[in-house]
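J.: Structure supplied as protein34.cif; contents: mmCIF, C-alpha atoms.
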data_protein
#
loop_
_atom_site.label_atom_id
_atom_site.label_comp_id
_atom_site.auth_asym_id
_atom_site.auth_seq_id
_atom_site.Cartn_x
_atom_site.Cartn_y
_atom_site.Cartn_z
CA MET O 1 165.77 193.27 111.95
CA LEU O 2 164.68 190.16 110.13
CA LEU O 3 167.70 187.98 110.35
CA SER O 4 170.66 187.94 112.64
CA SER O 5 173.75 189.37 111.01
CA ALA O 6 176.05 188.01 113.66
CA GLY O 7 177.99 185.98 111.13
CA ARG O 8 179.32 188.99 109.28
CA LEU O 9 180.77 190.99 112.15
CA GLY O 10 181.65 188.25 114.55
CA TRP O 11 179.64 187.27 117.55
CA ASP O 12 177.70 190.09 119.16
CA PRO O 13 176.27 189.14 122.57
CA PHE O 14 173.91 192.13 122.59
CA LEU O 15 172.46 191.14 119.27
CA GLU O 16 171.88 187.65 120.60
CA MET O 17 170.14 189.12 123.63
CA ARG O 18 167.94 191.30 121.47
CA ARG O 19 167.13 188.32 119.28
CA MET O 20 166.14 186.28 122.31
CA GLN O 21 164.03 189.12 123.60
CA ASN O 22 162.27 189.33 120.27
CA GLU O 23 161.57 185.63 120.37
CA VAL O 24 160.14 185.84 123.84
CA ASN O 25 158.03 188.83 122.84
CA ARG O 26 156.73 186.92 119.86
CA LEU O 27 155.75 183.98 122.06
CA PHE O 28 153.68 186.20 124.28
CA ALA O 29 152.41 188.52 121.57
CA ASP O 30 149.13 186.63 121.28
CA TYR O 31 148.38 186.64 124.97
CA GLU O 32 148.43 190.31 125.77
CA PRO O 33 147.06 193.15 123.72
CA ARG O 34 149.84 195.11 122.06
CA PRO O 35 150.00 198.81 122.87
CA ALA O 36 148.50 200.87 120.10
CA GLY O 37 150.98 202.43 117.74
CA THR O 38 153.78 199.93 118.21
CA THR O 39 152.48 197.35 115.78
CA ALA O 40 153.52 198.05 112.22
CA TYR O 41 150.81 197.73 109.63
CA PRO O 42 150.33 195.54 107.72
CA PRO O 43 151.68 192.53 109.67
CA VAL O 44 153.95 190.32 107.59
CA ASN O 45 155.19 186.76 107.57
CA LEU O 46 158.47 185.89 105.93
CA TRP O 47 159.44 182.63 104.29
CA VAL O 48 162.92 181.86 102.98
CA GLY O 49 163.78 179.32 100.31
CA GLU O 50 166.81 178.56 98.21
CA GLY O 51 167.73 181.94 96.75
CA SER O 52 164.22 183.28 97.08
CA LEU O 53 161.85 184.82 99.59
CA VAL O 54 158.13 184.93 100.14
CA VAL O 55 156.51 187.77 102.05
CA THR O 56 152.85 187.38 102.93
CA THR O 57 150.55 189.94 104.49
CA GLU O 58 146.87 190.17 105.33
CA LEU O 59 144.99 193.02 103.69
CA PRO O 60 141.32 192.07 103.76
CA GLY O 61 138.91 194.31 101.92
CA LEU O 62 141.45 195.90 99.63
CA GLU O 63 141.23 195.75 95.86
CA GLN O 64 144.20 194.78 93.73
CA ASN O 65 144.35 198.34 92.38
CA ASP O 66 144.62 199.82 95.86
CA LEU O 67 148.03 198.22 96.38
CA ASN O 68 151.48 199.62 95.72
CA ILE O 69 154.54 197.41 95.87
CA ALA O 70 158.06 198.71 95.33
CA VAL O 71 161.41 196.94 95.50
CA HIS O 72 164.79 198.60 95.81
CA ASP O 73 167.99 196.65 96.52
CA SER O 74 167.11 194.81 99.71
CA THR O 75 164.07 196.81 100.75
CA LEU O 76 160.46 196.06 100.00
CA THR O 77 157.74 198.66 100.39
CA ILE O 78 154.11 197.69 100.66
CA GLY O 79 151.68 200.56 100.50
CA GLY O 80 148.04 201.05 99.80
CA THR O 81 144.78 202.69 100.66
CA ARG O 82 141.81 201.19 102.36
CA LYS O 83 138.73 203.04 101.28
CA ALA O 84 135.88 203.58 103.69
CA PRO O 85 132.57 202.04 102.59
CA ASN O 86 130.53 204.27 100.28
CA ASN O 87 127.40 204.12 102.35
CA GLY O 88 129.24 204.70 105.60
CA GLN O 89 129.40 208.47 105.31
CA GLN O 90 126.06 209.37 106.80
CA ALA O 91 125.80 206.17 108.76
CA ASN O 92 125.63 205.78 112.46
CA TRP O 93 128.71 203.83 113.53
CA HIS O 94 128.29 201.30 116.32
CA ARG O 95 131.70 199.72 116.24
CA GLN O 96 134.88 200.34 114.33
CA GLU O 97 137.70 197.84 114.62
CA ARG O 98 139.09 198.18 111.11
CA ALA O 99 141.23 201.12 110.08
CA TYR O 100 140.74 203.18 106.93
CA GLY O 101 143.14 205.35 105.04
CA SER O 102 146.55 204.93 103.49
CA PHE O 103 149.44 202.94 104.89
CA SER O 104 153.00 202.15 103.93
CA ARG O 105 155.57 199.80 105.33
CA THR O 106 159.16 199.25 104.30
CA LEU O 107 160.87 195.99 105.13
CA GLU O 108 164.57 195.25 105.16
CA LEU O 109 165.03 191.89 103.48
CA PRO O 110 167.86 189.51 104.39
CA PHE O 111 169.41 189.89 100.92
CA ARG O 112 169.28 191.96 97.74
CA VAL O 113 166.49 190.99 95.38
CA ASP O 114 166.07 191.19 91.63
CA PRO O 115 163.43 193.88 90.93
CA ASP O 116 162.58 192.30 87.56
CA LYS O 117 161.67 188.95 89.05
CA VAL O 118 159.09 189.96 91.62
CA GLN O 119 155.78 188.17 91.55
CA ALA O 120 152.81 189.33 93.58
CA ARG O 121 149.50 187.59 94.01
CA PHE O 122 146.47 188.83 95.88
CA THR O 123 143.91 186.18 96.78
CA ASN O 124 141.10 186.41 99.32
CA GLY O 125 142.69 189.37 101.04
CA VAL O 126 146.15 187.83 101.43
CA LEU O 127 149.02 189.38 99.50
CA GLU O 128 151.87 187.07 98.61
CA ILE O 129 155.07 188.50 97.16
CA GLU O 130 157.75 186.20 95.82
CA LEU O 131 161.20 187.72 95.42
CA GLN O 132 164.32 186.21 93.82
CA ARG O 133 167.92 186.73 94.71
CA PRO O 134 169.95 187.98 91.73
CA GLU O 135 171.93 185.24 90.01
CA GLN O 136 175.33 186.83 90.76
CA ASP O 137 174.50 187.13 94.48
CA LYS O 138 173.58 183.52 95.01
CA PRO O 139 175.96 181.58 97.22
CA ARG O 140 178.18 179.32 95.18
CA ARG O 141 179.44 175.94 96.16
CA ILE O 142 183.18 175.65 95.98
CA GLU O 143 184.64 172.31 95.25
CA VAL O 144 187.65 171.27 97.25
CA LYS O 145 190.11 169.46 95.07
CA ALA O 146 192.18 166.68 96.39
CA SER O 147 195.78 167.40 95.64
CA MET J 1 120.83 196.40 116.53
CA ALA J 2 123.58 193.95 115.82
CA GLN J 3 125.48 193.45 118.99
CA GLU J 4 128.39 191.34 119.90
CA MET J 5 128.05 188.49 122.29
CA ALA J 6 131.40 188.46 124.05
CA THR J 7 134.30 190.80 123.84
CA VAL J 8 137.77 189.36 123.47
CA PRO J 9 140.87 191.44 122.75
CA ASN J 10 141.65 191.60 119.07
CA ARG J 11 143.38 188.60 117.53
CA GLU J 12 143.08 186.62 120.70
CA LEU J 13 141.94 183.09 120.28
CA ALA J 14 138.19 183.00 120.47
CA ARG J 15 136.91 180.28 122.73
CA GLN J 16 133.77 178.40 121.94
CA GLY J 17 130.82 180.03 123.67
CA ASP J 18 129.94 176.93 125.68
CA GLY J 19 133.49 176.38 126.86
CA SER J 20 134.05 173.42 124.58
CA GLU J 21 137.18 172.80 122.57
CA ALA J 22 137.41 173.06 118.82
CA THR J 23 137.97 169.82 116.98
CA ARG J 24 140.13 171.35 114.28
CA ALA J 25 143.81 171.71 115.09
CA ARG J 26 143.93 175.30 113.92
CA ALA J 27 143.92 178.63 115.67
CA LEU J 28 140.51 180.26 115.88
CA TYR J 29 140.42 184.02 115.62
CA ARG J 30 137.72 186.51 116.26
CA ALA J 31 137.13 188.35 113.01
CA ALA J 32 137.64 192.13 113.36
CA ALA J 33 134.40 193.85 112.47
CA ASP J 34 132.87 197.21 111.70
CA ILE J 35 129.20 197.76 112.42
CA TYR J 36 127.27 200.74 111.13
CA GLU J 37 123.67 201.63 110.58
CA THR J 38 122.03 203.54 107.78
CA GLY J 39 118.37 204.52 107.56
CA GLU J 40 117.33 201.20 106.02
CA SER J 41 119.91 198.65 107.13
CA ILE J 42 122.63 197.64 109.51
CA PHE J 43 125.94 196.69 107.90
CA VAL J 44 128.53 194.35 109.38
CA LEU J 45 131.96 194.17 107.72
CA ALA J 46 134.05 191.30 109.05
CA GLU J 47 137.66 190.59 108.14
CA MET J 48 138.52 187.04 107.17
CA PRO J 49 141.78 187.16 105.24
CA GLY J 50 142.64 183.95 103.42
CA VAL J 51 139.09 182.64 103.48
CA ALA J 52 137.53 181.84 100.11
CA PRO J 53 133.87 182.83 99.56
CA ASN J 54 132.82 179.16 99.57
CA ASP J 55 134.38 178.56 102.96
CA VAL J 56 132.26 181.13 104.75
CA ASP J 57 129.45 179.74 106.82
CA ILE J 58 126.70 181.97 108.20
CA THR J 59 123.99 180.63 110.47
CA LEU J 60 121.07 182.35 112.11
CA GLU J 61 119.59 180.61 115.09
CA ARG J 62 116.85 182.57 116.78
CA ASN J 63 118.57 185.89 117.38
CA LEU J 64 122.16 184.62 117.17
CA LEU J 65 123.97 185.27 113.93
CA THR J 66 127.18 183.25 113.70
CA ILE J 67 129.80 183.79 111.05
CA ARG J 68 132.57 181.27 110.47
CA GLY J 69 135.38 181.18 107.97
CA ARG J 70 137.85 178.43 107.24
CA ALA J 71 141.20 179.39 105.79
CA PRO J 72 143.50 176.79 104.27
CA ALA J 73 146.97 176.56 105.83
CA PRO J 74 149.42 178.44 103.61
CA GLU J 75 151.78 176.14 101.75
CA HIS J 76 155.14 177.26 100.48
CA LYS J 77 156.99 174.27 99.13
CA GLY J 78 160.73 174.45 99.62
CA TYR J 79 160.41 177.42 101.96
CA ARG J 80 160.78 177.65 105.70
CA GLN J 81 159.15 180.34 107.80
CA VAL J 82 161.72 182.59 109.45
CA TYR J 83 159.60 185.45 110.73
CA ALA J 84 155.97 185.81 111.75
CA GLU J 85 153.86 188.75 112.84
CA TYR J 86 150.48 187.18 112.33
CA GLY J 87 149.10 183.71 112.69
CA ASP J 88 146.71 182.05 110.34
CA GLY J 89 143.67 180.10 111.26
CA ASP J 90 139.92 180.06 111.15
CA TYR J 91 137.59 182.89 112.09
CA GLU J 92 134.45 183.01 114.11
CA ARG J 93 132.21 185.62 115.63
CA VAL J 94 128.71 185.70 117.04
CA PHE J 95 126.33 188.65 116.96
CA SER J 96 122.95 188.96 118.58
CA LEU J 97 120.26 190.59 116.48
CA SER J 98 117.49 192.74 117.80
CA GLU J 99 113.87 192.49 116.75
CA GLU J 100 114.19 195.29 114.23
CA VAL J 101 116.19 193.18 111.76
CA ASP J 102 114.19 191.59 108.97
CA ARG J 103 115.59 188.03 109.14
CA ASP J 104 114.34 186.96 105.73
CA ARG J 105 116.14 189.63 103.79
CA ILE J 106 119.66 189.32 105.23
CA LYS J 107 122.24 189.55 102.45
CA ALA J 108 125.87 188.47 102.54
CA SER J 109 128.76 188.88 100.15
CA HIS J 110 132.42 188.00 100.49
CA LYS J 111 135.21 189.54 98.47
CA ASN J 112 138.96 189.85 99.02
CA GLY J 113 138.71 188.36 102.49
CA LEU J 114 136.03 190.76 103.68
CA LEU J 115 132.55 189.57 104.57
CA VAL J 116 129.81 192.16 104.13
CA LEU J 117 126.50 191.47 105.83
CA GLU J 118 123.49 193.62 105.17
CA LEU J 119 120.79 193.33 107.78
CA PRO J 120 117.75 195.25 106.52
CA LYS J 121 115.52 196.79 109.12
CA SER J 122 111.91 195.75 109.17
CA ALA J 123 109.43 198.32 107.92
CA MET J 124 108.50 199.20 111.50
CA ALA J 125 112.03 200.11 112.53
CA ARG J 126 113.01 202.30 109.60
CA THR J 127 113.84 205.88 110.26
CA LYS J 128 111.04 208.21 109.34
CA ARG J 129 111.54 211.87 108.89
CA ILE J 130 108.88 213.97 110.48
CA GLU J 131 108.29 217.33 108.96
CA VAL J 132 107.69 220.21 111.27
CA LYS J 133 105.00 222.44 109.89
CA ALA J 134 105.10 226.09 110.50
CA SER J 135 101.80 227.09 111.95
#
The structure given in the file should be rewritten as structure tokens.

T.:
Amino acid sequence: MLLSSAGRLGWDPFLEMRRMQNEVNRLFADYEPRPAGTTAYPPVNLWVGEGSLVVTTELPGLEQNDLNIAVHDSTLTIGGTRKAPNNGQQANWHRQERAYGSFSRTLELPFRVDPDKVQARFTNGVLEIELQRPEQDKPRRIEVKAS
Amino acid sequence: MAQEMATVPNRELARQGDGSEATRARALYRAAADIYETGESIFVLAEMPGVAPNDVDITLERNLLTIRGRAPAPEHKGYRQVYAEYGDGDYERVFSLSEEVDRDRIKASHKNGLLVLELPKSAMARTKRIEVKAS
């Protein structure tokens, strides 16, 4: 889902078409309201570096303790609970645009990650998770010797 | 009652009310908000992820309450973005207040990217319970 795997299995024209469709959808995503239920929560951004990954997501209003992050092989699960305001029980609601309750989302990462080297930071409602590729999985440079 | 000035679909770029262009080269989002009313106050919870408490700006001009938040652009040195489901930028939203809000006692707090505004009702507008006496 996140990265094209065309390289592994040879060239797949349908995959390329799907990828292009996704790109076009992403371009227009901001211009038309998405149908309810199709957008996964929370929305994530993915950054790739040399042998590491950064996943960021917006979770305003949550406390650090409300978050659950789990890593297994190449999947990352972000879960949590957004509690409704204490004084909102008997209140008269005029407008509700934020959702309350628990959520969970599992992402397939482009490579396996080391579960012991995961760093997560939560600042101003933005969660940032840094994941490292295990040492033995990192691509190695092979020297070509002149004969 | 706290009411919204203009309705724009969620996450769509909010345009300046007077049709002018923003001078900052960043996306401007309309902060998602919850509004509810208790006996004494009206509460507005507005989402501004990535905005630090010091970068929130609240102004009250006559009956227009404007909230603005500036978020720094995320920096990941040595990384390139490969996938995006949300954009980052600044936030803005304007609410119009009714007469029943006591303007001098408005309280605001900002924590974990959520702005909480408490708009206390003036003594006149508070809910009073009227007992029904059995005759």

J.: Enumerate as a count of residues only the residues belonging to chain J that approach chain O to within 7 Å, with all atoms listed in the file taken into account.

T.: 28

J.: Which residues fall under the PyMOL selection byres ((chain O and resi 130) around 7) in this file, as a PyMOL selection string?

T.: chain O and resi 53-55+118-120+128-129+131-132

J.: Could you jot down the atom CA of J:Ser98 to atom CA of J:Arg68 separation for me, Å, one decimal place?

T.: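 A separation of 20.3 Å between them.
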
J.: Rounded to one decimal in Å, what is the spacing between atom CA of O:Leu76 and atom CA of O:Glu135?

T.: 18.7 Å

J.: Restricting the calculation to only C-alpha atoms, which member of J:Gly39, J:Pro120, J:Gly69, J:Gly87 is positioned closest to J:Asp57?

T.: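 Between J:Gly39, J:Pro120, J:Gly69, J:Gly87, the residue approaching J:Asp57 most closely is J:Gly69.
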
J.: Which residues would end up in the selection if the PyMOL selection byres ((chain O and resi 115) around 9) were applied here, given that I need the answer as a VMD selection string?

T.: chain O and resid 70 to 73 113 to 114 116 to 118 131 to 132 134

J.: Here's a test: counting only C-alpha atoms, identify every protein, DNA and RNA residue with an atom at most 10 Å from (145.0, 176.2, 103.0) in the file's coordinate frame, and state them as a list in words.

T.: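 Here is the list of nearby residues: Gly50, Val51, Ala52, Arg70, Ala71, Pro72, Ala73, Pro74, Glu75, Asp88 and Gly89 of chain J.
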
J.: Find the spatial neighbours of J:Thr127, counting all atoms listed in the file, within a cut-off of 10 Å - ignore same-chain residues fewer than 3 positions away - and output them as a PDB file with C-alpha atoms, keeping the file's coordinate frame.

T.:
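Ended up saving to out_36.pdb:
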ATOM      1  CA  THR J  38     122.030 203.540 107.780  1.00  0.00           C
ATOM      2  CA  GLY J  39     118.370 204.520 107.560  1.00  0.00           C
ATOM      3  CA  GLU J  40     117.330 201.200 106.020  1.00  0.00           C
ATOM      4  CA  SER J  41     119.910 198.650 107.130  1.00  0.00           C
ATOM      5  CA  LYS J 121     115.520 196.790 109.120  1.00  0.00           C
ATOM      6  CA  ALA J 123     109.430 198.320 107.920  1.00  0.00           C
ATOM      7  CA  MET J 124     108.500 199.200 111.500  1.00  0.00           C
ATOM      8  CA  ILE J 130     108.880 213.970 110.480  1.00  0.00           C
TER       9      ILE J 130
END

J.: Rounded to one decimal in Å, what is the spacing between atom CA of J:Asn63 and atom CA of J:Arg93?

T.: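 For atom CA of J:Asn63 relative to atom CA of J:Arg93, the distance reads 13.8 Å.
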